[in-house]
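Asker: Shown below is the structure under consideration.
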Amino acid sequence: MRFTRTHLHRPVKVPVVVAGLVVCVSCYLVLAPIIDKPALEYLYCTAFILSGLPIYLLFIHHTHTWSHSIMRPLTTHLQLLMQVVPSEKMD
């Protein structure tokens, strides 16, 4: 939304240094147990984490009309099912 809705107010801004630090800590938390004591379970966890990359590429990075036609009704249904629909603003 930073690029599509530039006029909106953003109350929270995170410096790039903080984001980079979080990525480094996250990588350490994933890799440290694998390096310390390798086990087959860690391979499953790593495969699960990396499986998000193709999903991101298909549905987020490459915006196609077919992905929007699938995701929009699914999102609406899940919001109604879990009762997390945002409330309307009263002006």
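Going through the structure tokens in order, the chains are called A, B, and so on, while each chain numbers its residues from 1 and the ligands are numbered from 1 in the order shown.
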Give me, as a VMD selection string, the residues of chain A that a backbone DSSP run labels helix (DSSP H, G or I).

Answerer: chain A and resid 16 to 36 40 to 50 52 to 61 65 to 82

Asker: Find the residues around Tyr42 (chain A) up to 9 Å (only C-alpha atoms counted), leave out those fewer than 6 positions away in its own chain, and share them as number ranges by chain.

Answerer: A: 30, 33-34

Asker: Would you work out the distance separating CA of Ile55 (chain A) from CA of Pro73 (chain A), expressed in Å to one decimal?

Answerer: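 Going from CA of Ile55 (chain A) over to CA of Pro73 (chain A), I get 17.6 Å.
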
Asker: Could you tell me how far CA of Leu29 (chain A) lies from CA of Thr46 (chain A), in Å and to one decimal?

Answerer: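 Between CA of Leu29 (chain A) and CA of Thr46 (chain A) the gap is 11.8 Å.
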
Asker: For CA of Tyr44 (chain A) and CA of Ala32 (chain A), determine how far apart the two atoms are, in Å to one decimal place.

Answerer: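 About the pair CA of Tyr44 (chain A) and CA of Ala32 (chain A): they are 15.3 Å apart.
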